[in-house]
file run.csv (CSV, C-alpha atoms)
chain,number,residue,atom,x,y,z
A,25,ALA,CA,9.6,25.3,10.9
A,26,LEU,CA,9.9,21.5,10.5
A,27,PRO,CA,7.7,20.6,13.5
A,28,TYR,CA,5.0,22.9,12.2
A,29,ARG,CA,5.1,21.5,8.7
A,30,SER,CA,5.0,17.9,10.1
A,31,ALA,CA,2.1,18.7,12.4
A,32,ALA,CA,0.1,20.4,9.6
A,33,LEU,CA,0.4,17.4,7.3
A,34,HIS,CA,-0.4,15.0,10.2
A,35,GLY,CA,-3.5,17.0,11.1
A,36,LEU,CA,-4.6,17.0,7.5
A,37,SER,CA,-4.1,13.2,7.3
A,38,GLN,CA,-6.3,12.7,10.3
A,39,LEU,CA,-9.0,15.0,8.9
A,40,LEU,CA,-9.0,13.1,5.5
A,41,GLU,CA,-9.1,9.8,7.3
A,42,SER,CA,-12.5,10.8,8.7
A,43,CYS,CA,-13.9,11.4,5.3
A,44,LYS,CA,-15.6,8.3,3.7
A,45,GLN,CA,-17.3,10.0,0.7
A,46,ALA,CA,-15.7,9.0,-2.5
A,47,ASN,CA,-16.9,12.1,-4.4
A,48,LEU,CA,-15.5,14.4,-1.8
A,49,LEU,CA,-12.2,12.6,-1.6
A,50,SER,CA,-11.9,12.6,-5.4
A,51,SER,CA,-12.5,16.4,-5.4
A,52,ILE,CA,-10.0,17.0,-2.7
A,53,TYR,CA,-7.5,14.8,-4.6
A,54,ASP,CA,-7.8,16.9,-7.7
A,55,ARG,CA,-7.1,20.0,-5.6
A,56,ILE,CA,-4.1,19.0,-3.5
A,57,ALA,CA,-2.6,15.7,-4.8
A,58,GLN,CA,-0.1,17.4,-7.2
A,59,SER,CA,1.4,19.5,-4.3
A,60,LEU,CA,1.8,16.3,-2.2
A,61,ILE,CA,3.3,14.4,-5.2
A,62,PHE,CA,5.8,17.2,-5.8
A,63,VAL,CA,7.0,16.8,-2.2
A,64,ILE,CA,7.2,13.0,-2.6
A,65,GLN,CA,9.2,13.1,-5.8
A,66,ASN,CA,11.7,15.6,-4.4
A,67,ASN,CA,12.7,13.2,-1.7
A,68,SER,CA,16.5,13.8,-1.5
A,69,GLU,CA,17.4,15.0,2.0
A,70,ASP,CA,19.1,18.1,0.8
A,71,LYS,CA,15.8,19.3,-0.7
A,72,ILE,CA,13.0,18.1,1.6
A,73,PRO,CA,13.4,16.4,5.0
A,74,PRO,CA,12.4,12.7,5.1
A,75,LEU,CA,9.9,13.4,7.8
A,76,ILE,CA,8.0,15.7,5.5
A,77,VAL,CA,8.2,13.3,2.6
A,78,SER,CA,6.8,10.6,4.8
A,79,ARG,CA,4.0,12.8,6.1
A,80,ALA,CA,3.1,13.9,2.6
A,81,THR,CA,2.9,10.2,1.5
A,82,ASN,CA,0.6,9.4,4.4
A,83,CYS,CA,-1.5,12.4,3.6
A,84,LEU,CA,-1.8,11.4,-0.1
A,85,SER,CA,-2.8,7.8,0.8
A,86,CYS,CA,-5.6,9.2,3.0
A,87,LEU,CA,-7.1,10.6,-0.3
A,88,PHE,CA,-7.6,7.1,-1.8
A,89,TRP,CA,-11.3,6.3,-2.0
A,90,GLU,CA,-12.9,2.9,-2.5
A,91,GLY,CA,-13.0,2.3,-6.3
A,92,ILE,CA,-10.2,4.7,-7.2
A,93,ASN,CA,-9.3,4.2,-10.9
A,94,GLY,CA,-7.8,5.7,-14.0
A,95,GLU,CA,-4.3,6.3,-15.0
A,96,ARG,CA,-3.6,7.9,-11.6
A,97,VAL,CA,-3.5,4.4,-10.1
A,98,HIS,CA,-0.7,3.3,-12.4
A,99,PHE,CA,1.2,6.5,-11.7
A,100,LEU,CA,0.8,6.2,-7.9
A,101,VAL,CA,2.0,2.6,-7.9
A,102,LYS,CA,5.1,3.5,-9.9
A,103,LEU,CA,5.8,6.5,-7.6
A,104,PHE,CA,5.5,4.4,-4.4
A,105,SER,CA,7.4,1.4,-5.8
A,106,THR,CA,10.3,3.7,-6.7
A,107,ASN,CA,10.5,4.9,-3.1
A,108,CYS,CA,10.0,1.3,-1.7
A,109,GLU,CA,13.1,0.1,-3.5
A,110,GLY,CA,15.2,3.2,-2.9
A,111,ALA,CA,17.8,1.7,-0.5
A,112,ARG,CA,19.4,5.1,0.0
A,113,LEU,CA,16.1,6.7,1.1
A,114,ALA,CA,15.2,7.1,4.8
A,115,TRP,CA,13.4,4.1,6.2
A,116,THR,CA,10.4,6.2,7.1
A,117,ILE,CA,9.9,7.1,3.4
A,118,ARG,CA,10.0,3.4,2.4
A,119,GLU,CA,7.6,2.5,5.2
A,120,SER,CA,5.1,5.2,4.3
A,121,SER,CA,5.4,4.3,0.6
A,122,ALA,CA,4.7,0.7,1.4
A,123,TYR,CA,1.6,1.6,3.4
A,124,ALA,CA,0.4,3.9,0.7
A,125,THR,CA,0.8,1.0,-1.8
A,126,ALA,CA,-1.1,-1.2,0.6
A,127,LYS,CA,-3.9,1.3,0.7
A,128,LEU,CA,-4.1,1.2,-3.1
A,129,ALA,CA,-4.2,-2.6,-3.0
A,130,LEU,CA,-7.3,-2.2,-0.8
A,131,THR,CA,-9.1,0.5,-2.6
A,132,THR,CA,-8.3,0.3,-6.3
A,133,ASP,CA,-11.2,-0.6,-8.6
A,134,ALA,CA,-11.2,-4.4,-9.1
A,135,ALA,CA,-11.0,-4.1,-12.9
A,136,ILE,CA,-7.7,-2.3,-12.6
A,137,LEU,CA,-6.4,-4.3,-9.7
A,138,CYS,CA,-6.9,-7.6,-11.5
A,139,LYS,CA,-4.6,-6.8,-14.3
A,140,LEU,CA,-1.5,-9.0,-14.1
A,141,GLU,CA,0.9,-6.1,-14.5
A,142,MET,CA,-0.7,-4.3,-11.6
A,143,LEU,CA,-0.6,-7.3,-9.3
A,144,ASP,CA,3.0,-8.0,-10.3
A,145,SER,CA,4.0,-4.4,-9.4
A,146,LEU,CA,2.3,-4.5,-6.0
A,147,ILE,CA,3.9,-7.8,-5.1
A,148,LYS,CA,7.3,-6.6,-6.2
A,149,CYS,CA,6.9,-3.6,-4.0
A,150,SER,CA,6.2,-5.9,-1.1
A,151,GLN,CA,9.2,-8.0,-2.0
A,152,ASN,CA,11.5,-5.0,-2.1
A,153,CYS,CA,10.4,-4.0,1.4
A,154,LEU,CA,10.9,-7.5,2.8
A,155,ARG,CA,14.6,-7.3,1.7
A,156,ASP,CA,15.1,-4.7,4.4
A,157,GLN,CA,16.9,-6.6,7.2
A,158,LYS,CA,17.5,-3.5,9.3
A,159,TYR,CA,14.1,-2.0,9.8
A,160,TRP,CA,11.3,-4.3,10.8
A,161,LYS,CA,8.7,-1.6,10.4
A,162,VAL,CA,9.5,-1.5,6.7
A,163,ARG,CA,9.0,-5.3,6.5
A,164,VAL,CA,5.7,-5.0,8.3
A,165,ALA,CA,4.6,-2.3,5.8
A,166,GLY,CA,5.7,-4.6,2.9
A,167,LEU,CA,3.6,-7.5,4.3
A,168,SER,CA,0.6,-5.2,4.6
A,169,ILE,CA,0.5,-5.0,0.8
A,170,LEU,CA,0.1,-8.8,0.6
A,171,GLN,CA,-2.3,-8.8,3.5
A,172,ASN,CA,-4.6,-6.3,1.8
A,173,LEU,CA,-4.4,-8.2,-1.5
A,174,CYS,CA,-5.6,-11.3,0.4
A,175,LYS,CA,-8.5,-9.2,1.9
A,176,ARG,CA,-9.6,-8.3,-1.6
A,177,SER,CA,-10.1,-12.0,-2.5
A,178,ARG,CA,-13.2,-14.0,-1.8
A,179,ASN,CA,-13.7,-15.0,1.8
A,180,ARG,CA,-16.1,-17.1,3.7
A,181,THR,CA,-17.8,-14.3,5.6
A,182,SER,CA,-19.1,-12.2,2.7
A,183,SER,CA,-22.9,-12.3,2.2
A,184,ILE,CA,-23.5,-9.5,-0.3
A,185,GLN,CA,-23.5,-11.0,-3.9
A,186,THR,CA,-21.9,-8.0,-5.6
A,187,ASP,CA,-19.1,-8.1,-3.0
A,188,MET,CA,-18.7,-11.8,-3.5
A,189,ASP,CA,-18.5,-11.4,-7.3
A,190,LYS,CA,-15.7,-8.8,-7.0
A,191,LYS,CA,-13.8,-10.9,-4.5
A,192,GLN,CA,-14.1,-13.9,-6.8
A,193,LEU,CA,-12.7,-11.8,-9.6
A,194,VAL,CA,-9.7,-10.7,-7.5
A,195,LEU,CA,-9.2,-14.3,-6.3
A,196,GLU,CA,-9.0,-15.6,-9.8
A,197,ALA,CA,-6.5,-12.9,-10.8
A,198,LEU,CA,-4.3,-13.6,-7.7
A,199,LEU,CA,-4.1,-17.4,-8.1
A,200,PRO,CA,-1.1,-17.2,-10.6
A,201,PHE,CA,0.7,-15.4,-7.8
A,202,LYS,CA,-0.3,-17.7,-4.9
A,203,GLU,CA,3.0,-19.5,-4.8
A,204,LYS,CA,5.0,-16.3,-4.8
A,205,ILE,CA,2.8,-14.7,-2.1
A,206,VAL,CA,3.1,-17.8,0.2
A,207,LYS,CA,6.8,-18.0,-0.4
A,208,LEU,CA,7.3,-14.3,0.6
A,209,ALA,CA,5.2,-14.7,3.7
A,210,THR,CA,6.9,-18.0,4.7
A,211,SER,CA,10.3,-16.4,4.4
A,212,THR,CA,9.4,-14.1,7.2
A,213,LEU,CA,7.8,-16.6,9.6
A,214,THR,CA,11.1,-16.9,11.5
A,215,ASP,CA,11.6,-13.1,11.7
A,216,LYS,CA,13.0,-11.9,15.0
A,217,GLU,CA,10.3,-9.3,15.2
A,218,SER,CA,7.0,-10.9,16.3
A,219,ASN,CA,4.8,-8.4,14.5
A,220,VAL,CA,6.3,-9.5,11.2
A,221,ALA,CA,5.8,-13.2,11.8
A,222,ILE,CA,2.2,-12.6,13.0
A,223,ILE,CA,1.2,-10.9,9.7
A,224,ALA,CA,3.0,-13.5,7.7
A,225,SER,CA,1.1,-16.3,9.4
A,226,GLU,CA,-2.2,-14.5,8.7
A,227,ILE,CA,-1.3,-14.2,5.0
A,228,ILE,CA,-0.5,-17.9,4.8
A,229,ASP,CA,-3.7,-18.8,6.6
A,230,GLN,CA,-5.7,-16.6,4.2
A,231,CYS,CA,-4.1,-18.3,1.2
A,232,SER,CA,-4.6,-21.8,2.6
A,233,TRP,CA,-8.2,-22.0,1.4
A,234,TRP,CA,-7.4,-20.7,-2.1
A,235,PRO,CA,-7.8,-23.4,-4.8

call {"tool": "encode", "arguments": {"input": "run.csv", "output": "structure tokens"}}
result
Amino acid sequence: ALPYRSAALHGLSQLLESCKQANLLSSIYDRIAQSLIFVIQNNSEDKIPPLIVSRATNCLSCLFWEGINGERVHFLVKLFSTNCEGARLAWTIRESSAYATAKLALTTDAAILCKLEMLDSLIKCSQNCLRDQKYWKVRVAGLSILQNLCKRSRNRTSSIQTDMDKKQLVLEALLPFKEKIVKLATSTLTDKESNVAIIASEIIDQCSWWP
């Protein structure tokens, strides 16, 4: 039954990824999120196989729409952070949790994202993943959180004023964390896995033009 459950969740993830309408994703979230969260929370191997937990996490992250807000964001960050720092959990669960956190970093409403507590939680989640010396895919997923935070800051290619204003707001909120972000990225520049070092260099380059 495991392959069928995995395939079903993977298929649902692909279907949800094709949906870009915030209202529709929000409606679907209200209908199925709790079932997926139940799977993610019961992540011990004797209850639910790690593959299913990972698939459920991926599926849940596909429901995050641009501008997602409310208390659900704080709950989700806490949920994924717990799994990111769970050293006893399967690496696939930690990887999918980090990518889900990165998706939140990219889609969360700017007003919520810019709170210091929220940014601190996201960066700590990345830091926990970067401590994994065994699985480079977990480290890549952890860096993707920082990478998406950098994408939310103001860049030189934006031309829409409202977009520029939001990016400026995020940039100002990120500045107190600049040193920590650069330090985390720099620590992985010499990683034996080239994919890790490439993303780290991109993060450092993005931060280089910050004030």

call {"tool": "closest_residue", "arguments": {"input": "run.csv", "among": "A:Ile72, A:Met188, A:Val97, A:Leu40", "to": "Leu146 (chain A)", "atoms": "only C-alpha atoms"}}
result
A:Val97

call {"tool": "closest_residue", "arguments": {"input": "run.csv", "among": "A:Glu109, A:Asp215, A:Glu95, A:Glu141", "to": "Ala197 (chain A)", "atoms": "all atoms listed in the file"}}
result
A:Glu141

call {"tool": "closest_residue", "arguments": {"input": "run.csv", "among": "A:Lys202, A:Arg163, A:Arg79, A:Arg96", "to": "Glu217 (chain A)", "atoms": "all atoms listed in the file"}}
result
A:Arg163

call {"tool": "atom_distance", "arguments": {"input": "run.csv", "atom1": "CA of Leu199 (chain A)", "atom2": "CA of Asp144 (chain A)"}}
result
12.0 Å

call {"tool": "closest_residue", "arguments": {"input": "run.csv", "among": "A:Ala114, A:Ala80, A:Lys216, A:Pro27", "to": "Ser68 (chain A)", "atoms": "all atoms listed in the file"}}
result
A:Ala114

call {"tool": "closest_residue", "arguments": {"input": "run.csv", "among": "A:Ser78, A:Asp54, A:Trp160, A:Cys153", "to": "Ser218 (chain A)", "atoms": "only C-alpha atoms"}}
result
A:Trp160

call {"tool": "atom_distance", "arguments": {"input": "run.csv", "atom1": "CA of Ala209 (chain A)", "atom2": "CA of Asp156 (chain A)"}}
result
14.1 Å

call {"tool": "residues_around", "arguments": {"input": "run.csv", "residues": "Glu119 (chain A)", "least_positions_apart": "2", "cutoff": "7 Å", "atoms": "only C-alpha atoms", "output": "JSON, numbers by chain"}}
result
{"A": [115, 116, 117, 121, 122, 123, 161, 162, 165]}

call {"tool": "atom_distance", "arguments": {"input": "run.csv", "atom1": "CA of Leu195 (chain A)", "atom2": "CA of Leu130 (chain A)"}}
result
13.4 Å

call {"tool": "residues_around", "arguments": {"input": "run.csv", "residues": "Cys43 (chain A)", "least_positions_apart": "3", "cutoff": "12 Å", "atoms": "all atoms listed in the file", "output": "ChimeraX atom specification"}}
result
/A:36-40,46-52,86-90

call {"tool": "closest_residue", "arguments": {"input": "run.csv", "among": "A:Arg29, A:Lys175, A:Arg112, A:Lys139", "to": "Lys127 (chain A)", "atoms": "only C-alpha atoms"}}
result
A:Lys175

call {"tool": "residues_near_point", "arguments": {"input": "run.csv", "point": "(4.2, 13.8, -9.8)", "cutoff": "12 Å", "atoms": "only C-alpha atoms", "output": "number ranges by chain"}}
result
A: 56-67, 81, 84, 96, 98-104

call {"tool": "residues_near_point", "arguments": {"input": "run.csv", "point": "(-5.1, -11.0, -10.0)", "cutoff": "6 Å", "atoms": "all atoms listed in the file", "output": "MDAnalysis selection string"}}
result
chainID A and resid 138 140 143 194 197:198

call {"tool": "write_last_selection", "arguments": {"input": "run.csv", "atoms": "C-alpha atoms", "output": "PDB file, in the coordinates of the input"}}
result
ATOM      1  CA  CYS A 138      -6.900  -7.600 -11.500  1.00  0.00           C
ATOM      2  CA  LEU A 140      -1.500  -9.000 -14.100  1.00  0.00           C
ATOM      3  CA  LEU A 143      -0.600  -7.300  -9.300  1.00  0.00           C
ATOM      4  CA  VAL A 194      -9.700 -10.700  -7.500  1.00  0.00           C
ATOM      5  CA  ALA A 197      -6.500 -12.900 -10.800  1.00  0.00           C
ATOM      6  CA  LEU A 198      -4.300 -13.600  -7.700  1.00  0.00           C
TER       7      LEU A 198
END

call {"tool": "build_atoms", "arguments": {"input": "run.csv", "residues": "region 139-154 of chain A", "atoms": "N, CA and C atoms", "output": "short mmCIF file (atom, residue, chain, number, x, y, z; two decimals), keeping the file's coordinate frame"}}
result
data_model
loop_
_atom_site.label_atom_id
_atom_site.label_comp_id
_atom_site.auth_asym_id
_atom_site.auth_seq_id
_atom_site.Cartn_x
_atom_site.Cartn_y
_atom_site.Cartn_z
N LYS A 139 -5.50 -6.70 -13.21
CA LYS A 139 -4.60 -6.80 -14.30
C LYS A 139 -3.24 -7.38 -13.80
N LEU A 140 -2.70 -8.34 -14.53
CA LEU A 140 -1.50 -9.00 -14.10
C LEU A 140 -0.34 -8.06 -13.83
N GLU A 141 -0.21 -7.07 -14.69
CA GLU A 141 0.90 -6.10 -14.50
C GLU A 141 0.74 -5.34 -13.22
N MET A 142 -0.49 -4.99 -12.86
CA MET A 142 -0.70 -4.30 -11.60
C MET A 142 -0.40 -5.13 -10.41
N LEU A 143 -0.89 -6.36 -10.40
CA LEU A 143 -0.60 -7.30 -9.30
C LEU A 143 0.87 -7.55 -9.15
N ASP A 144 1.53 -7.71 -10.27
CA ASP A 144 3.00 -8.00 -10.30
C ASP A 144 3.72 -6.80 -9.64
N SER A 145 3.32 -5.59 -9.98
CA SER A 145 4.00 -4.40 -9.40
C SER A 145 3.77 -4.30 -7.93
N LEU A 146 2.57 -4.59 -7.47
CA LEU A 146 2.30 -4.50 -6.00
C LEU A 146 3.07 -5.55 -5.25
N ILE A 147 3.15 -6.76 -5.79
CA ILE A 147 3.90 -7.80 -5.10
C ILE A 147 5.38 -7.56 -5.10
N LYS A 148 5.90 -6.99 -6.18
CA LYS A 148 7.30 -6.60 -6.20
C LYS A 148 7.64 -5.55 -5.21
N CYS A 149 6.71 -4.64 -5.02
CA CYS A 149 6.90 -3.60 -4.00
C CYS A 149 7.03 -4.21 -2.64
N SER A 150 6.16 -5.17 -2.36
CA SER A 150 6.20 -5.90 -1.10
C SER A 150 7.56 -6.62 -0.95
N GLN A 151 7.96 -7.28 -2.01
CA GLN A 151 9.20 -8.00 -2.00
C GLN A 151 10.41 -7.13 -1.71
N ASN A 152 10.43 -5.95 -2.29
CA ASN A 152 11.50 -5.00 -2.10
C ASN A 152 11.60 -4.59 -0.59
N CYS A 153 10.43 -4.40 0.03
CA CYS A 153 10.40 -4.00 1.40
C CYS A 153 10.87 -5.14 2.34
N LEU A 154 10.56 -6.36 1.97
CA LEU A 154 10.90 -7.50 2.80
C LEU A 154 12.44 -7.77 2.75
#
